[in-house]
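For reference, my_file-v5.cif is printed below; it contains mmCIF, C-alpha atoms.
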```
data_run
loop_
_atom_site.label_atom_id
_atom_site.label_comp_id
_atom_site.auth_asym_id
_atom_site.auth_seq_id
_atom_site.Cartn_x
_atom_site.Cartn_y
_atom_site.Cartn_z
CA MET D 549 0.00 0.00 0.00
CA LYS D 550 1.24 3.47 -0.87
CA PRO D 551 2.10 5.85 2.04
CA VAL D 552 -0.42 8.39 0.69
CA PHE D 553 -3.16 5.73 0.95
CA ILE D 554 -2.21 4.92 4.55
CA LEU D 555 -2.13 8.62 5.43
CA PHE D 556 -5.55 9.14 3.84
CA ALA D 557 -6.90 6.10 5.72
CA LEU D 558 -5.67 7.54 9.03
CA VAL D 559 -7.25 10.95 8.29
CA THR D 560 -10.51 9.17 7.37
CA LEU D 561 -10.43 7.19 10.62
CA GLY D 562 -10.01 10.46 12.53
CA LEU D 563 -12.92 12.03 10.63
CA LEU D 564 -15.18 9.01 11.27
CA SER D 565 -14.37 9.09 15.00
CA PHE D 566 -15.09 12.81 15.15
CA GLY D 567 -18.29 12.27 13.14
CA LEU D 568 -19.43 9.63 15.63
CA TYR D 569 -18.76 12.04 18.50
CA GLN D 570 -20.71 14.76 16.69
CA ALA D 571 -23.65 12.42 16.04
CA LEU D 572 -23.96 10.84 19.47
CA VAL D 573 -22.66 13.54 21.83
CA ALA D 574 -22.32 17.02 20.33
CA ALA D 575 -25.56 17.24 18.31
CA PRO D 576 -28.60 18.35 20.33
CA THR D 577 -31.48 15.95 20.93
CA GLU D 578 -34.38 16.56 18.55
CA GLN D 579 -37.50 17.70 20.43
CA THR D 580 -40.20 15.59 18.72
CA MET D 581 -38.42 12.32 17.95
CA GLY D 582 -35.85 12.31 20.77
CA GLU D 583 -32.62 10.30 20.67
CA ILE D 584 -33.74 8.04 17.79
CA GLN D 585 -33.34 11.02 15.42
CA ARG D 586 -29.55 10.55 15.73
CA ILE D 587 -29.88 7.80 13.06
CA PHE D 588 -30.18 10.83 10.72
CA TYR D 589 -26.39 11.45 11.01
CA TYR D 590 -25.62 8.06 9.45
CA HIS D 591 -28.70 7.64 7.25
CA VAL D 592 -28.51 10.91 5.28
CA PRO D 593 -24.70 11.03 4.64
CA SER D 594 -24.83 7.38 3.51
CA ALA D 595 -27.55 8.31 0.99
CA TRP D 596 -25.50 11.28 -0.28
CA VAL D 597 -22.37 9.14 -0.70
CA ALA D 598 -24.43 6.50 -2.54
CA PHE D 599 -25.64 9.23 -4.93
CA LEU D 600 -22.04 10.39 -5.51
CA CYS D 601 -20.90 6.82 -6.19
CA PHE D 602 -23.70 6.23 -8.70
CA PHE D 603 -22.91 9.54 -10.36
CA ALA D 604 -19.24 8.46 -10.63
CA ASN D 605 -20.41 5.13 -12.10
CA PHE D 606 -22.54 7.01 -14.65
CA GLY D 607 -19.68 9.34 -15.68
CA ALA D 608 -17.12 6.52 -15.88
CA SER D 609 -19.53 4.38 -17.95
CA ILE D 610 -20.03 7.16 -20.50
CA TRP D 611 -16.28 7.68 -20.61
CA TYR D 612 -15.70 3.96 -21.10
CA LEU D 613 -18.14 3.76 -24.03
CA ALA D 614 -16.49 6.83 -25.59
CA THR D 615 -12.86 5.78 -25.13
CA LYS D 616 -12.85 2.02 -24.25
CA ASN D 617 -10.37 2.94 -21.55
CA GLU D 618 -10.08 0.05 -19.06
CA ARG D 619 -9.33 2.43 -16.20
CA SER D 620 -12.74 4.09 -16.54
CA ASP D 621 -14.39 0.64 -16.53
CA ALA D 622 -12.54 -0.13 -13.28
CA VAL D 623 -13.74 3.18 -11.78
CA ALA D 624 -17.31 2.34 -12.87
CA VAL D 625 -17.40 -1.07 -11.20
CA ALA D 626 -15.66 0.20 -8.04
CA ALA D 627 -18.08 3.13 -7.66
CA ALA D 628 -21.15 0.93 -8.28
CA GLU D 629 -20.11 -1.64 -5.69
CA VAL D 630 -19.36 0.96 -3.01
CA GLY D 631 -22.60 2.76 -3.92
CA VAL D 632 -24.51 -0.47 -3.28
CA VAL D 633 -22.84 -0.78 0.14
CA PHE D 634 -23.97 2.74 1.11
CA ASN D 635 -27.42 2.21 -0.43
CA THR D 636 -27.80 -0.97 1.66
CA ILE D 637 -27.01 1.06 4.79
CA VAL D 638 -29.72 3.56 3.81
CA LEU D 639 -32.24 0.72 3.38
CA VAL D 640 -31.29 -0.80 6.76
CA THR D 641 -31.09 2.37 8.87
CA GLY D 642 -34.27 3.87 7.34
CA PRO D 643 -36.70 1.20 8.66
CA LEU D 644 -34.88 1.18 12.03
CA TRP D 645 -35.67 4.90 12.26
CA ALA D 646 -39.17 4.59 10.75
CA LYS D 647 -40.52 1.97 13.16
CA PRO D 648 -40.41 4.07 16.38
CA VAL D 649 -41.33 7.32 14.55
CA TRP D 650 -43.95 6.25 11.98
CA GLY D 651 -45.04 3.03 13.69
CA ILE D 652 -44.17 0.97 10.59
CA TRP D 653 -40.95 -0.52 9.25
CA TRP D 654 -41.72 0.16 5.60
CA THR D 655 -44.25 1.75 3.28
CA TRP D 656 -44.30 1.85 -0.52
CA ASP D 657 -44.04 5.64 -0.74
CA ALA D 658 -42.20 7.45 -3.54
CA ARG D 659 -38.84 7.91 -1.78
CA LEU D 660 -38.63 4.45 -0.25
CA THR D 661 -39.78 2.64 -3.38
CA SER D 662 -37.48 4.56 -5.75
CA THR D 663 -34.53 3.99 -3.36
CA PHE D 664 -35.27 0.26 -3.29
CA ILE D 665 -35.49 0.22 -7.11
CA MET D 666 -32.14 2.07 -7.28
CA TRP D 667 -30.60 -0.63 -5.09
CA LEU D 668 -32.05 -3.37 -7.35
CA ILE D 669 -30.72 -1.64 -10.50
CA TYR D 670 -27.16 -1.51 -9.17
CA ILE D 671 -27.38 -5.05 -7.78
CA SER D 672 -28.39 -6.17 -11.30
CA TYR D 673 -25.41 -4.20 -12.69
CA LEU D 674 -23.05 -6.08 -10.35
CA LEU D 675 -24.69 -9.43 -11.14
CA LEU D 676 -24.29 -8.72 -14.86
CA ARG D 677 -20.58 -8.06 -14.34
CA ARG D 678 -20.17 -11.15 -12.18
CA PHE D 679 -22.07 -13.73 -14.22
CA SER D 680 -22.02 -12.51 -17.83
CA THR D 681 -20.28 -14.94 -20.17
CA ALA D 682 -19.99 -12.31 -22.92
CA ASP D 683 -16.38 -11.73 -21.71
CA GLU D 684 -15.04 -8.73 -23.65
CA GLN D 685 -18.59 -7.45 -24.30
CA THR D 686 -19.43 -7.38 -20.56
CA PRO D 687 -18.00 -3.90 -19.80
CA LYS D 688 -19.96 -2.47 -22.76
CA LEU D 689 -23.22 -4.11 -21.66
CA ALA D 690 -22.62 -3.01 -18.07
CA ALA D 691 -21.87 0.57 -19.16
CA ALA D 692 -25.13 0.69 -21.15
CA LEU D 693 -27.07 -0.63 -18.13
CA ALA D 694 -25.35 1.93 -15.87
CA ILE D 695 -26.35 4.83 -18.15
CA PHE D 696 -30.02 3.74 -18.34
CA GLY D 697 -30.06 2.75 -14.66
CA PHE D 698 -28.84 6.18 -13.59
CA VAL D 699 -32.23 7.61 -14.65
CA ASP D 700 -33.57 6.45 -11.26
CA VAL D 701 -30.99 8.46 -9.25
CA PRO D 702 -32.47 11.95 -9.90
CA ILE D 703 -35.94 10.44 -9.40
CA VAL D 704 -34.88 9.27 -5.92
CA TYR D 705 -33.41 12.70 -5.17
CA MET D 706 -36.47 14.60 -6.39
CA SER D 707 -39.13 12.16 -5.10
CA ILE D 708 -39.65 14.01 -1.80
CA ARG D 709 -39.97 17.30 -3.71
CA TRP D 710 -42.34 16.00 -6.42
CA TRP D 711 -44.62 13.82 -4.25
CA ARG D 712 -45.75 14.41 -0.68
CA THR D 713 -46.02 11.00 0.93
CA GLN D 714 -44.72 9.36 4.12
CA HIS D 715 -41.04 10.31 3.92
CA PRO D 716 -40.28 13.81 5.33
CA SER D 717 -39.47 16.76 3.05
CA PRO D 718 -35.79 17.63 2.58
CA VAL D 719 -34.24 19.59 5.45
CA ILE D 720 -31.54 21.05 3.21
CA GLY D 721 -32.38 22.69 -0.09
CA GLY D 722 -36.08 22.04 0.39
CA GLY D 723 -37.36 25.60 0.03
CA GLU D 724 -38.55 28.25 2.49
CA ASN D 725 -39.97 25.91 5.14
CA SER D 726 -36.95 23.64 5.31
CA GLY D 727 -34.00 24.09 7.61
CA LEU D 728 -31.92 22.53 10.33
CA ASP D 729 -30.58 23.63 13.71
CA PRO D 730 -27.00 24.91 13.11
CA HIS D 731 -25.56 22.36 15.59
CA MET D 732 -27.40 19.54 13.83
CA LEU D 733 -26.23 20.82 10.45
CA HIS D 734 -22.67 20.92 11.79
CA ALA D 735 -22.90 17.26 12.91
CA LEU D 736 -24.50 16.26 9.60
CA LEU D 737 -21.81 17.94 7.49
CA TRP D 738 -18.97 16.41 9.55
CA ASN D 739 -20.47 12.99 9.07
CA PHE D 740 -20.96 13.62 5.37
CA LEU D 741 -17.29 14.64 5.08
CA ALA D 742 -16.23 11.54 7.03
CA PHE D 743 -18.36 9.13 4.97
CA ALA D 744 -17.36 10.82 1.70
CA ALA D 745 -13.67 10.37 2.63
CA TYR D 746 -14.36 6.75 3.58
CA GLY D 747 -16.23 6.27 0.27
CA VAL D 748 -13.26 7.63 -1.70
CA LEU D 749 -10.93 5.35 0.27
CA ILE D 750 -12.83 2.14 -0.48
CA VAL D 751 -13.54 3.10 -4.11
CA TRP D 752 -9.79 3.64 -4.46
CA ARG D 753 -9.05 0.20 -2.96
CA ARG D 754 -11.75 -1.52 -5.04
CA TYR D 755 -10.36 0.21 -8.15
CA GLN D 756 -6.92 -1.26 -7.39
CA LEU D 757 -8.49 -4.71 -7.12
CA GLU D 758 -10.31 -4.30 -10.44
CA ARG D 759 -7.13 -3.15 -12.19
CA GLY D 760 -5.39 -6.24 -10.80
CA ARG D 761 -8.19 -8.45 -12.17
CA GLN D 762 -7.94 -6.77 -15.57
CA GLU D 763 -4.19 -7.46 -15.64
CA LEU D 764 -4.78 -11.07 -14.58
CA ASN D 765 -7.34 -11.57 -17.38
CA LYS D 766 -4.81 -10.22 -19.88
CA LEU D 767 -2.21 -12.68 -18.62
CA TYR D 768 -4.72 -15.56 -18.89
CA ARG D 769 -5.56 -14.56 -22.45
CA SER D 770 -1.90 -14.23 -23.49
CA SER D 771 -1.01 -17.58 -21.88
CA ALA D 772 -4.02 -19.24 -23.60
CA GLN D 773 -2.90 -17.80 -26.97
CA GLY D 774 0.64 -19.01 -26.30
CA ALA D 775 -0.64 -22.52 -25.62
CA VAL D 776 -2.54 -22.68 -28.96
CA MET Y 567 -30.15 5.27 24.14
CA PRO Y 568 -32.96 3.70 22.02
CA ARG Y 569 -32.36 0.12 20.92
CA ASN Y 570 -32.95 0.89 17.21
CA LEU Y 571 -30.35 3.68 17.30
CA ILE Y 572 -27.72 1.28 18.64
CA ILE Y 573 -28.73 -1.38 16.08
CA ALA Y 574 -28.54 1.18 13.22
CA TYR Y 575 -25.01 2.29 14.16
CA ILE Y 576 -23.79 -1.28 14.70
CA ALA Y 577 -25.46 -2.42 11.43
CA THR Y 578 -23.78 0.45 9.52
CA TRP Y 579 -20.34 -0.59 10.71
CA GLY Y 580 -21.18 -4.27 10.38
CA ILE Y 581 -21.98 -3.74 6.69
CA HIS Y 582 -18.81 -1.68 6.15
CA ILE Y 583 -16.59 -4.21 7.94
CA GLY Y 584 -18.27 -7.06 6.05
CA TYR Y 585 -17.51 -5.31 2.76
CA LEU Y 586 -13.88 -4.69 3.80
CA LEU Y 587 -13.53 -8.43 4.52
CA ILE Y 588 -14.98 -9.27 1.06
CA LEU Y 589 -12.53 -6.78 -0.47
CA SER Y 590 -9.52 -8.26 1.33
CA GLY Y 591 -10.71 -11.73 0.24
CA GLY Y 592 -10.71 -10.45 -3.35
CA PHE Y 593 -7.08 -9.30 -3.01
CA ARG Y 594 -6.06 -12.65 -1.53
CA LYS Y 595 -7.78 -14.52 -4.40
CA LEU Y 596 -6.10 -12.25 -6.96
CA ALA Y 597 -2.65 -12.85 -5.43
CA ARG Y 598 -3.24 -16.63 -5.36
CA GLU Y 599 -4.35 -16.71 -9.01
CA LEU Y 600 -1.32 -14.64 -10.03
CA ARG Y 601 1.00 -17.06 -8.20
CA GLU Y 602 -0.66 -20.07 -9.84
CA LEU Y 603 -0.44 -18.51 -13.31
CA ARG Y 604 3.24 -17.66 -12.86
CA SER Y 605 4.11 -21.16 -11.60
CA ARG Y 606 2.21 -22.69 -14.57
CA LYS Y 607 4.17 -20.46 -16.96
CA GLU Y 608 7.48 -21.49 -15.36
CA GLU Y 609 6.55 -25.17 -15.81
#
```
Representation of the structure as structure tokens:
Amino acid sequence: MKPVFILFALVTLGLLSFGLYQALVAAPTEQTMGEIQRIFYYHVPSAWVAFLCFFANFGASIWYLATKNERSDAVAVAAAEVGVVFNTIVLVTGPLWAKPVWGIWWTWDARLTSTFIMWLIYISYLLLRRFSTADEQTPKLAAALAIFGFVDVPIVYMSIRWWRTQHPSPVIGGGENSGLDPHMLHALLWNFLAFAAYGVLIVWRRYQLERGRQELNKLYRSSAQGAV
Amino acid sequence: MPRNLIIAYIATWGIHIGYLLILSGGFRKLARELRELRSRKEE
């Protein structure tokens, strides 16, 4: 591992520790929901990082189709996989927050349903990459799926603005009636920074793994050609 | 502290640690396959 990676990992660990302190200790207790609202500091940043990862997957997929550059394909798969990890966290922490507040674990409202569909789209992307037998065509097929699949991401983002259902309206960027206590905003932004740094770190590591796999596949192909 | 809050925080880190273990397993598998390929080439 490169020293810069280790240094970045240590900084990220510090940020995550500080974020945890902000979420559980420094942030004030919300008046209506009480302590359970502190799930917010993990739930929302995880959703934002998932969005960023899927956006990176979208950009890298377009770039791959335009240039056939293997590096951009590696970025695409790394970002999608890490995005699925963060999306899974959103789908786990959301119901844990919903049950004591709404009285139900799940409802098929616009935000929840579109988030679940987003998760399914990127799971199908990863399954395509894992099980496709098209070999050299797989990155192209996956890139096409990523571009069409990305259509759901802005729908998820806008769902609580377009439709008023069970999920609360956005607290940031939601218009005149939205807003957040400055101390809560502070804790939220620290956690977003920490999770974004952690997201970059694991995308970076997953990218290295994918590049290694690409090199291995090349070696397999060259040794198979040599044997013929 | 509410039970669901504790579960949510532990689940978050459980998922992250689980993924890190999968990732390290991927690196181990890659290194093993590289070793095998090199030894086959040497033969």
Result set of the PyMOL selection byres ((chain D) within 9 of (chain Y)) on the coordinates above, as a compact mmCIF listing (two decimals) with C-alpha atoms, in the coordinates of the input:
```txt
# COMPACT_ATOMS: atom_id res chain seq x y z
CA GLU D 583 -32.62 10.30 20.67
CA ILE D 584 -33.74 8.04 17.79
CA GLN D 585 -33.34 11.02 15.42
CA ARG D 586 -29.55 10.55 15.73
CA ILE D 587 -29.88 7.80 13.06
CA TYR D 590 -25.62 8.06 9.45
CA HIS D 591 -28.70 7.64 7.25
CA VAL D 630 -19.36 0.96 -3.01
CA VAL D 633 -22.84 -0.78 0.14
CA PHE D 634 -23.97 2.74 1.11
CA THR D 636 -27.80 -0.97 1.66
CA ILE D 637 -27.01 1.06 4.79
CA VAL D 638 -29.72 3.56 3.81
CA VAL D 640 -31.29 -0.80 6.76
CA THR D 641 -31.09 2.37 8.87
CA GLY D 642 -34.27 3.87 7.34
CA LEU D 644 -34.88 1.18 12.03
CA TRP D 645 -35.67 4.90 12.26
CA LYS D 647 -40.52 1.97 13.16
CA PRO D 648 -40.41 4.07 16.38
CA ILE D 750 -12.83 2.14 -0.48
CA ARG D 753 -9.05 0.20 -2.96
CA ARG D 754 -11.75 -1.52 -5.04
CA LEU D 757 -8.49 -4.71 -7.12
CA GLY D 760 -5.39 -6.24 -10.80
CA ARG D 761 -8.19 -8.45 -12.17
CA LEU D 764 -4.78 -11.07 -14.58
CA LEU D 767 -2.21 -12.68 -18.62
CA TYR D 768 -4.72 -15.56 -18.89
CA SER D 771 -1.01 -17.58 -21.88
```
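Between atom CA of Phe743 of chain D and atom CA of Leu675 of chain D the interatomic distance comes to 25.4 Å.
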Just to confirm, what's the straight-line distance from atom CA of Ile703 of chain D to atom CA of Ile720 of chain D in Å (one decimal)? 17.1 Å
Quote the spacing between atom CA of Leu676 of chain D and atom CA of Leu693 of chain D in Å to one decimal place. 9.2 Å
Please enclose the listed atoms of segment 589-607 of chain Y in an axis-aligned box, pad each side by 8 Å, and write out the centre and the three edge lengths in Å, rounded to one decimal, as AutoDock Vina command-line options.
```
--center_x -4.2 --center_y -14.7 --center_z -7.8 --size_x 32.7 --size_y 31.9 --size_z 34.3
```
In terms of all atoms listed in the file, the residue from D:Val719, D:Ala626, D:Val649, D:Ile669 at minimal distance from Asn605 of chain D is D:Ala626
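Shortest atom-to-atom contact with Ser726 of chain D among D:Ser672, D:Ser594, D:Phe566, D:Arg709: D:Arg709, counting only C-alpha atoms.
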Would you mind listing what lies within 8 Å of segment 612-622 of chain D as a PyMOL selection string, with all atoms listed in the file counted and same-chain residues fewer than 3 positions away left out? chain D and resi 608-609+625-626+687-688+691+755+758-759+762
Residues within 12 Å of Leu668 of chain D, please, as a ChimeraX atom specification. Count all atoms listed in the file; anything in the same chain fewer than 5 positions from it doesn't count. /D:628,631-632,635-636,639,661-663,673-675,697-698,700
Pull out every residue that the PyMOL selection byres ((chain D and resi 571) around 10) matches in the shown coordinates and put them as a PyMOL selection string. chain D and resi 565-570+572-577+585-590+732+734-736+738-739
Selection result of the PyMOL selection byres ((chain D and resi 717) around 6) on this file, as a list in words: Ile708, Pro716 and Pro718 of chain D
